[in-house]
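The data block below is protein18.csv; it holds CSV, C-alpha atoms.
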chain,number,residue,atom,x,y,z
A,1,ALA,CA,3.4,-17.9,-1.0
A,2,GLN,CA,2.2,-14.9,0.9
A,3,SER,CA,-1.4,-13.7,0.5
A,4,VAL,CA,-4.1,-11.6,2.1
A,5,ALA,CA,-7.8,-12.0,1.8
A,6,GLN,CA,-10.4,-9.3,2.6
A,7,PRO,CA,-13.6,-11.3,2.2
A,8,GLU,CA,-15.9,-8.3,2.1
A,9,ASP,CA,-15.8,-5.8,-0.8
A,10,GLN,CA,-18.0,-3.4,1.2
A,11,VAL,CA,-19.1,-3.0,4.8
A,12,ASN,CA,-22.0,-0.8,5.8
A,13,VAL,CA,-22.5,0.5,9.3
A,14,ALA,CA,-24.5,3.2,11.0
A,15,GLU,CA,-22.7,6.0,12.7
A,16,GLY,CA,-22.1,5.2,16.4
A,17,ASN,CA,-22.2,1.5,15.9
A,18,PRO,CA,-19.1,-0.7,16.1
A,19,LEU,CA,-17.4,-1.7,12.9
A,20,THR,CA,-15.3,-4.6,11.9
A,21,VAL,CA,-13.3,-5.0,8.6
A,22,LYS,CA,-12.1,-8.5,8.2
A,23,CYS,CA,-8.6,-9.7,7.0
A,24,THR,CA,-7.0,-13.1,6.9
A,25,TYR,CA,-3.5,-13.8,5.8
A,26,SER,CA,-1.0,-16.5,4.8
A,27,VAL,CA,2.7,-16.4,5.3
A,28,SER,CA,5.3,-19.1,5.6
A,29,GLY,CA,6.9,-17.6,8.7
A,30,ASN,CA,5.8,-15.1,11.3
A,31,PRO,CA,3.6,-12.3,10.0
A,32,TYR,CA,4.2,-8.5,10.0
A,33,LEU,CA,0.7,-7.1,9.5
A,34,PHE,CA,-0.6,-3.6,8.6
A,35,TRP,CA,-3.8,-1.7,8.0
A,36,TYR,CA,-3.9,1.3,5.7
A,37,VAL,CA,-6.8,3.6,4.8
A,38,GLN,CA,-7.3,5.4,1.5
A,39,TYR,CA,-9.6,8.4,1.1
A,40,PRO,CA,-10.8,9.4,-2.4
A,41,ASN,CA,-8.0,10.6,-4.7
A,42,ARG,CA,-5.5,10.2,-1.9
A,43,GLY,CA,-2.6,7.9,-1.2
A,44,LEU,CA,-2.6,5.3,1.5
A,45,GLN,CA,-2.4,6.4,5.1
A,46,PHE,CA,-0.9,4.1,7.7
A,47,LEU,CA,-3.3,3.2,10.5
A,48,LEU,CA,-1.5,0.5,12.6
A,49,LYS,CA,0.7,-2.5,12.5
A,50,TYR,CA,1.4,-5.7,14.4
A,51,ILE,CA,4.9,-7.2,14.8
A,52,THR,CA,4.8,-9.1,18.1
A,53,GLY,CA,3.5,-8.8,21.6
A,54,ASP,CA,0.0,-7.8,22.6
A,55,ASN,CA,-2.5,-9.2,20.2
A,56,LEU,CA,-4.6,-6.0,20.4
A,57,VAL,CA,-3.0,-3.2,18.5
A,58,LYS,CA,-4.2,0.4,18.8
A,59,GLY,CA,-3.7,2.8,16.0
A,60,SER,CA,-4.8,6.2,14.6
A,61,TYR,CA,-8.3,7.7,14.7
A,62,GLY,CA,-9.5,5.3,17.3
A,63,PHE,CA,-9.0,2.1,15.3
A,64,GLU,CA,-7.6,-1.1,16.7
A,65,ALA,CA,-6.9,-4.5,15.3
A,66,GLU,CA,-6.8,-7.9,16.9
A,67,PHE,CA,-4.2,-10.5,15.8
A,68,ASN,CA,-5.4,-14.1,16.0
A,69,LYS,CA,-2.6,-16.5,15.2
A,70,SER,CA,-4.8,-19.7,15.2
A,71,GLN,CA,-7.3,-18.1,12.8
A,72,THR,CA,-4.6,-16.3,10.8
A,73,SER,CA,-6.7,-13.2,11.1
A,74,PHE,CA,-6.1,-9.5,11.7
A,75,HIS,CA,-9.5,-7.8,11.8
A,76,LEU,CA,-9.8,-4.0,12.0
A,77,LYS,CA,-12.2,-2.7,14.6
A,78,LYS,CA,-13.6,0.5,16.0
A,79,PRO,CA,-16.1,0.8,18.9
A,80,SER,CA,-18.1,3.7,17.4
A,81,ALA,CA,-18.0,4.5,13.7
A,82,LEU,CA,-18.0,8.0,12.3
A,83,VAL,CA,-19.2,9.2,8.9
A,84,SER,CA,-15.7,10.5,8.3
A,85,ASP,CA,-14.4,6.9,8.6
A,86,SER,CA,-16.0,6.1,5.2
A,87,ALA,CA,-13.0,5.1,3.0
A,88,LEU,CA,-11.2,2.2,1.4
A,89,TYR,CA,-9.3,0.0,3.8
A,90,PHE,CA,-6.4,-2.2,2.9
A,91,CYS,CA,-4.8,-5.0,5.0
A,92,ALA,CA,-1.2,-6.0,4.1
A,93,VAL,CA,1.3,-8.6,5.2
A,94,ARG,CA,4.9,-9.7,4.9
A,95,ASP,CA,7.0,-12.3,6.5
A,96,ILE,CA,8.9,-10.8,9.4
A,97,SER,CA,12.1,-12.5,8.3
A,98,GLN,CA,12.0,-10.8,4.9
A,99,ALA,CA,13.0,-7.4,6.1
A,100,GLY,CA,12.3,-4.4,3.9
A,101,THR,CA,10.5,-6.4,1.2
A,102,ALA,CA,7.3,-5.3,-0.5
A,103,LEU,CA,4.0,-5.7,1.3
A,104,ILE,CA,1.3,-8.0,0.0
A,105,PHE,CA,-2.0,-6.2,0.0
A,106,GLY,CA,-5.6,-7.4,0.0
A,107,LYS,CA,-8.0,-6.1,-2.6
A,108,GLY,CA,-9.5,-3.6,-0.1
A,109,THR,CA,-12.8,-3.1,1.7
A,110,THR,CA,-14.9,-0.1,1.2
A,111,LEU,CA,-16.4,1.1,4.5
A,112,SER,CA,-19.5,3.1,4.3
A,113,VAL,CA,-20.8,4.8,7.5
A,114,SER,CA,-24.3,6.3,7.3
A,115,SER,CA,-25.6,9.1,9.5
B,116,GLY,CA,5.4,18.9,4.5
B,117,ALA,CA,7.8,16.0,5.2
B,118,GLY,CA,5.8,13.3,3.5
B,119,VAL,CA,6.3,11.4,0.2
B,120,SER,CA,5.6,13.5,-2.8
B,121,GLN,CA,4.8,12.4,-6.4
B,122,SER,CA,4.5,14.2,-9.6
B,123,PRO,CA,2.6,14.7,-11.7
B,124,SER,CA,-0.6,14.0,-9.9
B,125,ASN,CA,-2.3,13.3,-13.1
B,126,LYS,CA,-1.0,12.3,-16.5
B,127,VAL,CA,-2.9,11.7,-19.7
B,128,THR,CA,-1.0,10.3,-22.6
B,129,GLU,CA,-1.6,8.6,-25.9
B,130,LYS,CA,-0.9,5.0,-26.6
B,131,GLY,CA,2.7,4.4,-27.6
B,132,LYS,CA,4.1,7.4,-25.9
B,133,ASP,CA,6.7,7.2,-23.1
B,134,VAL,CA,6.0,8.6,-19.6
B,135,GLU,CA,8.1,9.4,-16.6
B,136,LEU,CA,6.7,9.4,-13.0
B,137,ARG,CA,8.6,11.0,-10.2
B,138,CYS,CA,8.8,10.2,-6.5
B,139,ASP,CA,10.5,12.2,-3.7
B,140,PRO,CA,10.7,10.0,-0.6
B,141,ILE,CA,10.8,11.1,3.0
B,142,SER,CA,14.2,12.5,3.8
B,143,GLY,CA,16.4,9.9,5.4
B,144,HIS,CA,14.4,6.9,4.2
B,145,THR,CA,16.6,4.2,2.7
B,146,ALA,CA,14.0,2.1,1.1
B,147,LEU,CA,11.7,3.1,-1.8
B,148,TYR,CA,8.9,1.1,-3.4
B,149,TRP,CA,6.7,1.5,-6.4
B,150,TYR,CA,3.2,0.0,-6.5
B,151,ARG,CA,0.4,0.0,-9.1
B,152,GLN,CA,-3.3,0.3,-8.1
B,153,SER,CA,-5.7,-0.7,-10.9
B,154,LEU,CA,-9.4,-0.1,-10.8
B,155,GLY,CA,-11.0,-2.8,-8.6
B,156,GLN,CA,-7.7,-4.3,-7.8
B,157,GLY,CA,-5.4,-4.2,-4.8
B,158,LEU,CA,-1.9,-2.8,-4.8
B,159,GLU,CA,0.5,-4.6,-7.1
B,160,PHE,CA,4.2,-4.4,-6.2
B,161,LEU,CA,6.4,-3.2,-9.0
B,162,ILE,CA,10.0,-2.5,-7.8
B,163,TYR,CA,11.9,-1.9,-4.6
B,164,PHE,CA,15.1,0.0,-3.9
B,165,GLN,CA,17.1,-0.4,-0.7
B,166,GLY,CA,20.2,1.8,-0.1
B,167,ASN,CA,22.9,1.0,-2.6
B,168,SER,CA,21.7,-2.6,-3.2
B,169,ALA,CA,20.6,-3.8,-6.6
B,170,PRO,CA,16.8,-3.1,-6.9
B,171,ASP,CA,14.2,-5.9,-6.7
B,172,LYS,CA,12.6,-5.7,-10.1
B,173,SER,CA,10.5,-8.9,-9.7
B,174,GLY,CA,7.2,-7.1,-9.9
B,175,LEU,CA,7.7,-5.2,-13.1
B,176,PRO,CA,5.1,-6.5,-15.6
B,177,SER,CA,7.1,-6.1,-18.7
B,178,ASP,CA,10.4,-4.8,-20.1
B,179,ARG,CA,8.6,-1.5,-21.0
B,180,PHE,CA,8.7,-0.7,-17.3
B,181,SER,CA,11.9,0.6,-15.7
B,182,ALA,CA,12.9,2.6,-12.7
B,183,GLU,CA,15.9,4.3,-11.3
B,184,ARG,CA,16.8,6.0,-8.1
B,185,THR,CA,19.4,8.7,-8.2
B,186,GLY,CA,21.6,9.6,-5.2
B,187,GLY,CA,19.7,7.3,-3.0
B,188,SER,CA,16.8,9.7,-3.0
B,189,VAL,CA,14.5,10.7,-5.9
B,190,SER,CA,13.1,7.9,-8.1
B,191,THR,CA,11.7,7.9,-11.6
B,192,LEU,CA,9.5,5.2,-13.0
B,193,THR,CA,9.5,5.1,-16.8
B,194,ILE,CA,6.9,3.4,-18.9
B,195,GLN,CA,7.9,3.1,-22.6
B,196,ARG,CA,5.4,2.6,-25.4
B,197,THR,CA,2.4,2.9,-23.1
B,198,GLN,CA,-0.6,0.7,-23.5
B,199,GLN,CA,-4.2,1.2,-22.4
B,200,GLU,CA,-3.7,-1.5,-19.8
B,201,ASP,CA,-1.1,0.6,-18.1
B,202,SER,CA,-3.8,3.0,-17.0
B,203,ALA,CA,-3.7,3.0,-13.2
B,204,VAL,CA,-2.7,4.9,-10.1
B,205,TYR,CA,1.0,4.5,-9.5
B,206,LEU,CA,1.9,4.8,-5.8
B,207,CYS,CA,5.4,5.4,-4.3
B,208,ALA,CA,6.3,4.5,-0.7
B,209,SER,CA,9.4,5.0,1.4
B,210,SER,CA,10.5,3.5,4.7
B,211,PHE,CA,13.5,3.4,7.1
B,212,LEU,CA,14.5,-0.1,7.9
B,213,THR,CA,15.6,-0.5,11.5
B,214,ARG,CA,16.0,-3.8,13.4
B,215,GLY,CA,14.3,-5.6,10.7
B,216,THR,CA,11.1,-3.6,10.8
B,217,ASP,CA,9.8,-0.7,8.8
B,218,THR,CA,6.6,1.1,8.0
B,219,GLN,CA,6.0,2.2,4.5
B,220,TYR,CA,4.6,5.7,4.0
B,221,PHE,CA,2.8,6.4,0.8
B,222,GLY,CA,2.7,9.4,-1.5
B,223,PRO,CA,-0.6,10.6,-3.1
B,224,GLY,CA,0.0,8.8,-6.3
B,225,THR,CA,0.1,9.6,-10.0
B,226,ARG,CA,-3.1,8.7,-12.0
B,227,LEU,CA,-2.0,7.6,-15.4
B,228,THR,CA,-4.6,7.5,-18.2
B,229,VAL,CA,-3.5,6.0,-21.6
B,230,LEU,CA,-5.9,6.9,-24.4

Kindly present the structure from the file in structure tokens form.
Amino acid sequence: AQSVAQPEDQVNVAEGNPLTVKCTYSVSGNPYLFWYVQYPNRGLQFLLKYITGDNLVKGSYGFEAEFNKSQTSFHLKKPSALVSDSALYFCAVRDISQAGTALIFGKGTTLSVSS
Amino acid sequence: GAGVSQSPSNKVTEKGKDVELRCDPISGHTALYWYRQSLGQGLEFLIYFQGNSAPDKSGLPSDRFSAERTGGSVSTLTIQRTQQEDSAVYLCASSFLTRGTDTQYFGPGTRLTVL
């Protein structure tokens, strides 16, 4: 069965400091991984995805994520956090071989960036 | 804009009433998904449409839930005899499947409150 774990309900970081939001996954085949962000009363916005290739993926708003196959992780990172990055972040996965199927989402991590 | 749109943005109904939620996908997208986001929970897959294929209804929680997609575009999610546990944000997403990969783009959601 496919699953995603986001072990932290909340991450607190000071503005200007680096941030990491953790995600681990489980799929039977090769993973297709995503990060989405949700601002209050808004839908999910796509940040970045990993299919294959370079393990470091760059996305929108200065975010990046590192795929680690041995640790089955896909942590979201940003070198310098902004207050405006405060939001709810979701990691999602599906098996690459199951094209077009629904994504499996983690429960989300609330990022709070203080000024 | 050219994004996914959903209506209404908010719906308050009484227990036992039927509701219809609408989704307009991005033009040209062949796949359409419905998810449910309950308070404190991640996103729960409900149903998936791909082109003219039979929909994947495996995520629908009960037979009170149904959905249709007319003309390969607009979709309506219907909940009959609503219950208080149906209260949630219902999110629609669409994607274009190419070479086995796709990115789902989400609408702003419909917040359903069942009194």

inquiry  = Measuring between only C-alpha atoms, which one of A:Val57, A:Leu47, A:Ala14, A:Ala87 shows the shortest distance to chain B?
reply    =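 The answer is A:Leu47, which sits nearest to chain B.
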
message = Taking all atoms listed in the file into account, name the residue in A:Phe46, A:Tyr25, A:Phe63, A:Tyr39 that is nearest to chain B.
response =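 Closest to chain B, using all atoms listed in the file: A:Phe46.
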
message = Counting only C-alpha atoms, find residues at most 9 Å from (-0.1, 9.5, -1.2) (file frame) and give them as a list in words.
response = Gln38, Asn41, Arg42, Gly43, Leu44 and Gln45 of chain A; Gly118, Val119, Ser120, Gln121, Leu206, Cys207, Ala208, Tyr220, Phe221, Gly222, Pro223, Gly224 and Thr225 of chain B

query = Taking all atoms listed in the file into account, what are the residues of chain A at most 12 Å from chain B, put as a ChimeraX atom specification?
reply = /A:3-6,9,31-52,88-110

message = Env of Arg179 in chain B: 7 Å cut, atoms = only C-alpha atoms, seq-sep filter 4 positions within chain, self excluded. Answer as number ranges by chain.
response = B: 194-196

Box for range 179-191 of chain B: with edges along x, y and z, all listed atoms inside and 5 Å added on each side, what are the centre and edge lengths in Å to one decimal, as JSON?
{"center_x": 15.1, "center_y": 4.6, "center_z": -12.0, "size_x": 23.0, "size_y": 22.2, "size_z": 28.0}

task = Would you work out the distance separating CA of Cys138 in chain B from CA of Asp85 in chain A, expressed in Å to one decimal?
result =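 Computed distance, CA of Cys138 in chain B to CA of Asp85 in chain A, equals 27.9 Å.
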
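From CA of Ser173 in chain B back to CA of Glu200 in chain B, the distance works out to 18.9 Å.
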
task = Just give me the gap between CA of Asn12 in chain A and CA of Ser114 in chain A in Å, one decimal is fine.
result =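 Result for CA of Asn12 in chain A versus CA of Ser114 in chain A: 7.6 Å, one decimal.
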
ask   = Hey, which of A:Gly53, A:Gly29, A:Gly16, A:Pro79 ends up closest to Phe67 in chain A? Count all atoms listed in the file.
value = A:Gly53

Spatial neighbours of Leu227 in chain B, 7 Å, all atoms listed in the file, chain gap at least 2 places, as a ChimeraX atom specification = /B:125-127,202-204,225,229

Identify, on the basis of all atoms listed in the file, every residue whose closest approach to Lys22 in chain A does not exceed 8 Å; exclude the query and any residue fewer than 5 positions from it along the same chain; express the result as a tab-separated table (two decimals) with C-alpha atoms, in the frame of the given file.
chain	number	residue	atom	x	y	z
A	6	GLN	CA	-10.40	-9.30	2.60
A	7	PRO	CA	-13.60	-11.30	2.20
A	8	GLU	CA	-15.90	-8.30	2.10
A	73	SER	CA	-6.70	-13.20	11.10
A	74	PHE	CA	-6.10	-9.50	11.70
A	75	HIS	CA	-9.50	-7.80	11.80
A	76	LEU	CA	-9.80	-4.00	12.00
